[in-house]
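K.L.:
Structure file run-v9.cif, mmCIF, C-alpha atoms, is pasted below:
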data_upload
loop_
_atom_site.label_atom_id
_atom_site.label_comp_id
_atom_site.auth_asym_id
_atom_site.auth_seq_id
_atom_site.Cartn_x
_atom_site.Cartn_y
_atom_site.Cartn_z
CA MET A 3 0.00 0.00 0.00
CA SER A 4 1.48 3.34 -1.02
CA VAL A 5 1.75 6.22 1.41
CA GLU A 6 -0.04 8.39 -1.16
CA ASN A 7 -3.13 6.21 -0.84
CA LEU A 8 -3.32 7.07 2.86
CA SER A 9 -2.93 10.81 2.40
CA LEU A 10 -5.89 13.11 2.97
CA ALA A 11 -4.19 16.18 1.57
CA GLY A 12 -6.69 18.65 0.15
CA LYS A 13 -9.68 16.88 1.72
CA THR A 14 -12.27 18.46 4.00
CA ALA A 15 -13.77 16.68 7.01
CA LEU A 16 -16.54 17.20 9.53
CA VAL A 17 -16.28 15.37 12.87
CA THR A 18 -19.34 15.59 15.11
CA GLY A 19 -18.72 15.55 18.84
CA GLY A 20 -15.08 16.32 18.13
CA SER A 21 -14.17 18.16 21.31
CA ARG A 22 -12.89 15.18 23.28
CA GLY A 23 -12.22 11.46 23.36
CA ILE A 24 -12.47 9.51 20.11
CA GLY A 25 -13.83 12.51 18.20
CA ALA A 26 -10.91 14.74 19.17
CA ALA A 27 -8.42 12.02 18.28
CA CYS A 28 -10.08 11.59 14.87
CA ALA A 29 -10.08 15.32 14.18
CA LYS A 30 -6.41 15.72 15.05
CA LEU A 31 -5.26 12.72 13.02
CA LEU A 32 -7.38 13.66 10.00
CA ALA A 33 -5.73 17.08 10.10
CA ALA A 34 -2.27 15.55 10.50
CA ARG A 35 -2.94 13.50 7.35
CA GLY A 36 -3.74 16.69 5.44
CA ALA A 37 -7.49 17.32 5.79
CA ALA A 38 -9.06 20.60 6.85
CA VAL A 39 -11.35 19.72 9.75
CA VAL A 40 -14.44 21.19 11.40
CA VAL A 41 -15.35 19.77 14.81
CA THR A 42 -18.80 20.24 16.28
CA TYR A 43 -19.60 20.33 19.98
CA SER A 44 -22.66 20.82 22.15
CA LYS A 45 -21.31 22.14 25.46
CA SER A 46 -17.52 21.96 25.68
CA ALA A 47 -16.48 25.03 23.67
CA GLU A 48 -13.19 25.33 25.53
CA GLN A 49 -12.24 21.73 24.76
CA ALA A 50 -13.23 22.15 21.11
CA GLU A 51 -11.06 25.25 20.79
CA GLN A 52 -8.19 23.34 22.38
CA VAL A 53 -8.52 20.67 19.69
CA VAL A 54 -8.47 23.39 17.03
CA ALA A 55 -5.39 24.95 18.66
CA GLU A 56 -3.57 21.61 18.63
CA ILE A 57 -4.44 21.14 14.96
CA ALA A 58 -3.10 24.61 14.17
CA GLY A 59 0.01 23.91 16.25
CA GLY A 60 0.71 20.93 14.02
CA GLY A 61 0.39 23.04 10.90
CA GLY A 62 -3.16 21.94 10.07
CA LYS A 63 -6.47 23.69 9.56
CA GLY A 64 -9.21 23.26 12.13
CA PHE A 65 -12.42 25.04 13.09
CA ALA A 66 -14.96 24.58 15.87
CA VAL A 67 -18.73 24.92 15.41
CA ALA A 68 -21.43 24.71 18.09
CA ALA A 69 -24.02 22.13 17.06
CA ASP A 70 -26.02 19.91 19.40
CA ALA A 71 -26.55 16.57 17.65
CA ALA A 72 -29.72 16.02 19.70
CA ASP A 73 -31.37 18.99 17.97
CA ALA A 74 -32.19 18.29 14.31
CA ASP A 75 -32.08 21.95 13.31
CA ALA A 76 -28.78 22.49 15.12
CA ALA A 77 -27.28 19.39 13.50
CA LYS A 78 -28.26 20.67 10.06
CA ALA A 79 -26.92 24.14 10.88
CA GLY A 80 -23.62 22.57 11.96
CA VAL A 81 -23.26 20.92 8.56
CA ALA A 82 -24.11 24.19 6.82
CA ALA A 83 -21.50 26.06 8.87
CA ALA A 84 -18.86 23.45 8.10
CA VAL A 85 -19.59 23.49 4.39
CA ASP A 86 -19.46 27.28 4.41
CA ARG A 87 -16.01 27.11 6.00
CA PHE A 88 -14.89 24.77 3.23
CA GLY A 89 -16.24 26.87 0.37
CA GLY A 90 -19.15 24.58 -0.39
CA ARG A 91 -17.47 21.17 -0.42
CA LEU A 92 -17.21 18.26 1.97
CA ASP A 93 -15.24 15.05 1.48
CA ILE A 94 -15.40 13.20 4.80
CA LEU A 95 -18.11 12.96 7.46
CA VAL A 96 -17.35 11.27 10.78
CA ASN A 97 -20.53 10.79 12.81
CA ASN A 98 -18.95 10.52 16.25
CA ALA A 99 -21.33 12.38 18.59
CA GLY A 100 -22.97 9.92 20.94
CA ILE A 101 -24.00 9.32 24.54
CA ALA A 102 -24.52 6.27 26.73
CA GLU A 103 -26.89 6.10 29.69
CA HIS A 104 -27.40 2.72 31.28
CA GLY A 105 -30.21 1.17 33.28
CA PRO A 106 -32.32 -2.01 33.15
CA ILE A 107 -35.62 -1.99 31.31
CA GLY A 108 -38.29 -0.69 33.65
CA THR A 109 -35.86 1.51 35.57
CA LEU A 110 -34.12 3.57 32.87
CA PRO A 111 -35.89 6.95 32.86
CA ASP A 112 -37.81 7.86 29.72
CA ALA A 113 -35.71 10.99 29.38
CA ALA A 114 -32.49 8.94 29.26
CA PHE A 115 -33.97 6.71 26.57
CA GLU A 116 -35.09 9.69 24.49
CA ARG A 117 -31.71 11.47 24.82
CA GLN A 118 -29.90 8.44 23.45
CA VAL A 119 -32.33 8.12 20.56
CA ASP A 120 -32.03 11.84 19.81
CA VAL A 121 -28.22 11.91 19.77
CA ASN A 122 -27.24 8.42 18.66
CA ILE A 123 -29.91 7.85 16.00
CA ARG A 124 -31.66 11.07 15.02
CA GLY A 125 -28.44 13.09 15.24
CA VAL A 126 -26.64 10.71 12.90
CA TRP A 127 -29.58 10.66 10.50
CA HIS A 128 -30.12 14.42 10.32
CA THR A 129 -26.41 15.24 10.08
CA THR A 130 -25.89 12.78 7.25
CA ALA A 131 -29.07 13.82 5.43
CA ALA A 132 -27.81 17.41 5.47
CA ALA A 133 -24.28 16.43 4.43
CA VAL A 134 -24.96 14.18 1.43
CA ALA A 135 -25.89 17.10 -0.82
CA HIS A 136 -22.42 18.54 -0.26
CA LEU A 137 -20.35 15.37 -0.32
CA GLY A 138 -18.46 15.00 -3.54
CA ASP A 139 -18.20 11.78 -5.52
CA ASP A 140 -15.76 9.40 -3.80
CA GLY A 141 -16.75 10.91 -0.45
CA ARG A 142 -16.53 9.06 2.84
CA ILE A 143 -19.00 8.59 5.69
CA ILE A 144 -17.68 6.89 8.81
CA ASN A 145 -20.11 6.23 11.64
CA ILE A 146 -18.75 5.58 15.10
CA GLY A 147 -20.83 2.70 16.37
CA SER A 148 -20.01 0.28 19.16
CA PHE A 149 -19.36 -3.39 19.81
CA PHE A 150 -22.74 -3.18 21.57
CA SER A 151 -24.29 -3.42 18.10
CA GLU A 152 -22.87 -6.95 17.87
CA ARG A 153 -23.54 -8.08 21.42
CA VAL A 154 -24.82 -6.58 24.69
CA PRO A 155 -22.36 -7.93 27.26
CA PHE A 156 -23.61 -6.12 30.37
CA PRO A 157 -27.02 -5.67 32.01
CA GLY A 158 -28.64 -2.28 31.68
CA SER A 159 -27.37 -1.56 28.17
CA SER A 160 -30.42 -2.40 26.06
CA ALA A 161 -31.26 1.19 25.09
CA TYR A 162 -27.69 2.06 24.17
CA GLY A 163 -27.27 -1.22 22.29
CA MET A 164 -30.48 -0.54 20.39
CA THR A 165 -29.18 2.83 19.20
CA LYS A 166 -25.95 1.30 17.96
CA HIS A 167 -27.87 -1.44 16.14
CA ALA A 168 -29.69 1.42 14.41
CA VAL A 169 -26.39 3.00 13.36
CA ALA A 170 -25.29 -0.31 11.85
CA GLY A 171 -28.58 -0.52 9.94
CA MET A 172 -28.25 3.00 8.60
CA THR A 173 -24.71 2.24 7.46
CA ARG A 174 -25.85 -0.71 5.36
CA GLY A 175 -28.72 1.23 3.81
CA TRP A 176 -26.66 4.32 3.03
CA ALA A 177 -23.93 2.22 1.43
CA ARG A 178 -26.60 1.10 -1.07
CA ASP A 179 -28.11 4.58 -1.43
CA LEU A 180 -24.82 6.31 -2.19
CA ALA A 181 -22.89 3.67 -4.12
CA GLY A 182 -23.74 5.32 -7.43
CA ARG A 183 -21.70 8.32 -6.35
CA ARG A 184 -18.85 6.11 -5.08
CA ILE A 185 -19.46 7.44 -1.58
CA THR A 186 -18.48 4.74 0.90
CA VAL A 187 -20.25 4.31 4.22
CA ASN A 188 -18.78 2.24 7.04
CA THR A 189 -19.12 1.81 10.78
CA VAL A 190 -16.23 1.62 13.21
CA GLU A 191 -17.27 -0.36 16.28
CA PRO A 192 -15.01 0.33 19.27
CA GLY A 193 -14.86 -1.92 22.30
CA PRO A 194 -13.49 -0.63 25.61
CA ILE A 195 -11.63 2.60 24.77
CA GLU A 196 -10.04 4.76 27.44
CA THR A 197 -11.71 8.16 27.46
CA GLU A 198 -12.79 10.75 29.99
CA ALA A 199 -16.23 9.12 30.06
CA ASN A 200 -14.81 5.59 30.18
CA PRO A 201 -11.53 5.55 32.15
CA ASP A 202 -9.61 2.30 32.39
CA THR A 203 -9.63 2.73 36.16
CA GLY A 204 -13.43 2.85 36.34
CA GLU A 205 -15.79 0.77 38.43
CA ARG A 206 -15.93 -2.19 36.00
CA SER A 207 -12.57 -1.75 34.26
CA ALA A 208 -10.72 -4.59 35.99
CA ARG A 209 -13.43 -7.07 35.01
CA ILE A 210 -13.67 -5.69 31.49
CA LYS A 211 -9.94 -6.11 30.94
CA THR A 212 -10.19 -9.78 31.85
CA LEU A 213 -12.64 -10.16 28.93
CA VAL A 214 -10.28 -8.53 26.42
CA PRO A 215 -7.71 -10.97 25.00
CA LEU A 216 -5.19 -8.15 24.60
CA GLY A 217 -5.71 -7.37 28.27
CA ARG A 218 -6.12 -3.61 28.04
CA TYR A 219 -8.37 -0.77 27.00
CA GLY A 220 -7.82 0.68 23.55
CA GLN A 221 -6.74 4.27 23.02
CA PRO A 222 -8.67 6.94 21.08
CA ASN A 223 -5.80 7.34 18.64
CA GLU A 224 -6.04 3.66 17.72
CA VAL A 225 -9.65 4.22 16.70
CA ALA A 226 -8.61 7.36 14.83
CA GLU A 227 -6.08 5.37 12.79
CA LEU A 228 -8.87 3.08 11.58
CA VAL A 229 -11.12 6.04 10.80
CA CYS A 230 -8.37 7.71 8.78
CA PHE A 231 -7.76 4.52 6.81
CA LEU A 232 -11.47 4.25 5.94
CA ALA A 233 -11.42 7.93 4.95
CA SER A 234 -8.48 7.43 2.61
CA PRO A 235 -8.28 6.43 -1.07
CA ALA A 236 -6.88 3.08 0.08
CA ALA A 237 -10.35 2.09 1.35
CA ALA A 238 -12.25 2.90 -1.85
CA TYR A 239 -13.64 -0.66 -2.19
CA ILE A 240 -14.79 -1.00 1.42
CA THR A 241 -18.40 0.00 2.03
CA GLY A 242 -21.40 -1.14 4.04
CA THR A 243 -19.22 -2.90 6.57
CA HIS A 244 -18.70 -2.79 10.34
CA VAL A 245 -15.17 -3.00 11.68
CA LEU A 246 -14.67 -4.07 15.27
CA ILE A 247 -11.77 -2.53 17.18
CA ASP A 248 -12.14 -4.21 20.54
CA GLY A 249 -8.89 -5.99 21.37
CA GLY A 250 -10.54 -9.29 20.51
CA MET A 251 -13.28 -8.94 23.11
CA LEU A 252 -15.91 -10.44 20.83
CA ALA A 253 -13.59 -12.98 19.19
#
Can you present the structure in this file as structure tokens?
P.N.:
Amino acid sequence: MSVENLSLAGKTALVTGGSRGIGAACAKLLAARGAAVVVTYSKSAEQAEQVVAEIAGGGGKGFAVAADAADADAAKAGVAAAVDRFGGRLDILVNNAGIAEHGPIGTLPDAAFERQVDVNIRGVWHTTAAAVAHLGDDGRIINIGSFFSERVPFPGSSAYGMTKHAVAGMTRGWARDLAGRRITVNTVEPGPIETEANPDTGERSARIKTLVPLGRYGQPNEVAELVCFLASPAAAYITGTHVLIDGGMLA
């Protein structure tokens, strides 16, 4: 595989929920590979601007846009703002914004269920629906799903798992919808990844690590490497698929 096939020079990318964790890692690595990147955020403006500053410090181009994925109009406005920044074009969309709230059926509050549906399903749908008109031929859509779409390994995760099953379903359908324009659509399905919201010293981390053959949590940058590969010309014949990155947890 040639290095040129992995380059994203001259490309433009939108990363939703790009102010921290996996989204921030994706935004920074996309920029390091040559893409101009807009990150959206809902609350953490300071963290988003820090990501942009790190991109600029590395010689890249980055911008931050406030856009709450749970709000359909805000999600659409975020896409419009990103496209405006890029002069009307968009090459790569990374649907990363997502939340997880756990609780067994019958005890999970309705509001927690609705929030997850709004962000994890409706947010992905409305963002992508707004973006496809601006994506050029040979564009890339990468959805950040979860290994919970393959299996629900812990009690209290039915609502979250359901939303990630929905993301997997949308990926398959969109791969068919957009194939005529050579736009590829894939899902990256992380397992246990060390983030602010999921530290590897958390309440269940010791048990989780015993279930991972590699014996550790993954790092956001490892997920970002996979995202950047799927965004590159090297992945032009990969579409409609779901790629686990879970240290072998579901092997």
K.L.:
Of the candidates A:Ala74, A:Val5, A:Val53, A:Ala253, which one gets nearest to Ala27 of chain A if we count all atoms listed in the file?
P.N.:
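Looking only at the distances to Ala27 of chain A, the closest residue turns out to be A:Val53.
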K.L.:
Work out how far atom CA of Lys13 of chain A is from atom CA of Arg35 of chain A, in Å to one decimal.
P.N.:
9.4 Å
K.L.:
Any chance you could work out the residue set of the PyMOL selection byres ((chain A and resi 17) around 6) here, as a list in words?
P.N.:
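Written out, the selection comes to Leu16, Thr18, Gly20, Val41 and Val96 of chain A.
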K.L.:
Pick out the closest residue to Val85 of chain A from this set: A:Gly242, A:Gly163, A:Gly138, A:Pro235. Count all atoms listed in the file.
P.N.:
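Counting all atoms listed in the file, the residue closest to Val85 of chain A is A:Gly138.
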K.L.:
When distances are computed from only C-alpha atoms, which of A:Arg218, A:His104, A:Arg142, A:Lys63 shows the smallest separation from Ala177 of chain A?
P.N.:
A:Arg142
K.L.:
On this structure, which residues satisfy the PyMOL selection byres ((chain A and resi 68) around 6), written as a PDB file with C-alpha atoms, in the coordinates of the input?
P.N.:
ATOM      1  CA  THR A  42     -18.800  20.240  16.280  1.00  0.00           C
ATOM      2  CA  TYR A  43     -19.600  20.330  19.980  1.00  0.00           C
ATOM      3  CA  SER A  44     -22.660  20.820  22.150  1.00  0.00           C
ATOM      4  CA  VAL A  67     -18.730  24.920  15.410  1.00  0.00           C
ATOM      5  CA  ALA A  69     -24.020  22.130  17.060  1.00  0.00           C
TER       6      ALA A  69
END
K.L.:
Can you tell me, as a list in words, what residues are no more than 10 Å from Trp176 of chain A when counting all atoms listed in the file, ignoring any on the same chain fewer than 6 positions away?
P.N.:
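Result of the neighbour search: Thr130, Ile143, Ile185, Thr186, Val187, Asn188, Thr241 and Gly242 of chain A.
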K.L.:
Quick one: residues within 10 Å of Arg22 of chain A, all atoms listed in the file counted, chain neighbours fewer than 4 positions away excluded, as a ChimeraX atom specification?
P.N.:
/A:26-29,41,43,46,49-50,52-53,197-199,222
K.L.:
Generate a file of the selected residues that holds C-alpha atoms, formatted as a PDB file, keeping the file's coordinate frame.
P.N.:
ATOM      1  CA  ALA A  26     -10.910  14.740  19.170  1.00  0.00           C
ATOM      2  CA  ALA A  27      -8.420  12.020  18.280  1.00  0.00           C
ATOM      3  CA  CYS A  28     -10.080  11.590  14.870  1.00  0.00           C
ATOM      4  CA  ALA A  29     -10.080  15.320  14.180  1.00  0.00           C
ATOM      5  CA  VAL A  41     -15.350  19.770  14.810  1.00  0.00           C
ATOM      6  CA  TYR A  43     -19.600  20.330  19.980  1.00  0.00           C
ATOM      7  CA  SER A  46     -17.520  21.960  25.680  1.00  0.00           C
ATOM      8  CA  GLN A  49     -12.240  21.730  24.760  1.00  0.00           C
ATOM      9  CA  ALA A  50     -13.230  22.150  21.110  1.00  0.00           C
ATOM     10  CA  GLN A  52      -8.190  23.340  22.380  1.00  0.00           C
ATOM     11  CA  VAL A  53      -8.520  20.670  19.690  1.00  0.00           C
ATOM     12  CA  THR A 197     -11.710   8.160  27.460  1.00  0.00           C
ATOM     13  CA  GLU A 198     -12.790  10.750  29.990  1.00  0.00           C
ATOM     14  CA  ALA A 199     -16.230   9.120  30.060  1.00  0.00           C
ATOM     15  CA  PRO A 222      -8.670   6.940  21.080  1.00  0.00           C
TER      16      PRO A 222
END
K.L.:
For Val169 of chain A, which of A:Ala102, A:Leu10, A:Val126, A:Val225 is the closest residue, counting only C-alpha atoms?
P.N.:
A:Val126
K.L.:
For the file shown, what are the residues hit by the PyMOL selection byres ((chain A and resi 217) around 12), laid out as an MDAnalysis selection string?
P.N.:
chainID A and resid 194 202 207:216 218:220 248:251
K.L.:
Separation of atom CA of Leu228 of chain A and atom CA of Ser151 of chain A, in Å?
P.N.:
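Result for atom CA of Leu228 of chain A versus atom CA of Ser151 of chain A: 18.0 Å, one decimal.
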K.L.:
Please compute the atom CA of Arg124 of chain A-atom CA of Glu224 of chain A distance, one decimal, in Å.
P.N.:
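Computing it gives 26.8 Å between the two atoms.
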K.L.:
Considering only C-alpha atoms, state which residue in the set A:Gln118, A:Ser160, A:Thr243, A:Asn200 is at the smallest distance from Arg174 of chain A.
P.N.:
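Using only C-alpha atoms, Arg174 of chain A sits closest to A:Thr243.
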K.L.:
Between A:Glu103, A:Asp70, A:Glu56, A:Asp140, which is the closest to Ser159 of chain A once you count only C-alpha atoms?
P.N.:
A:Glu103
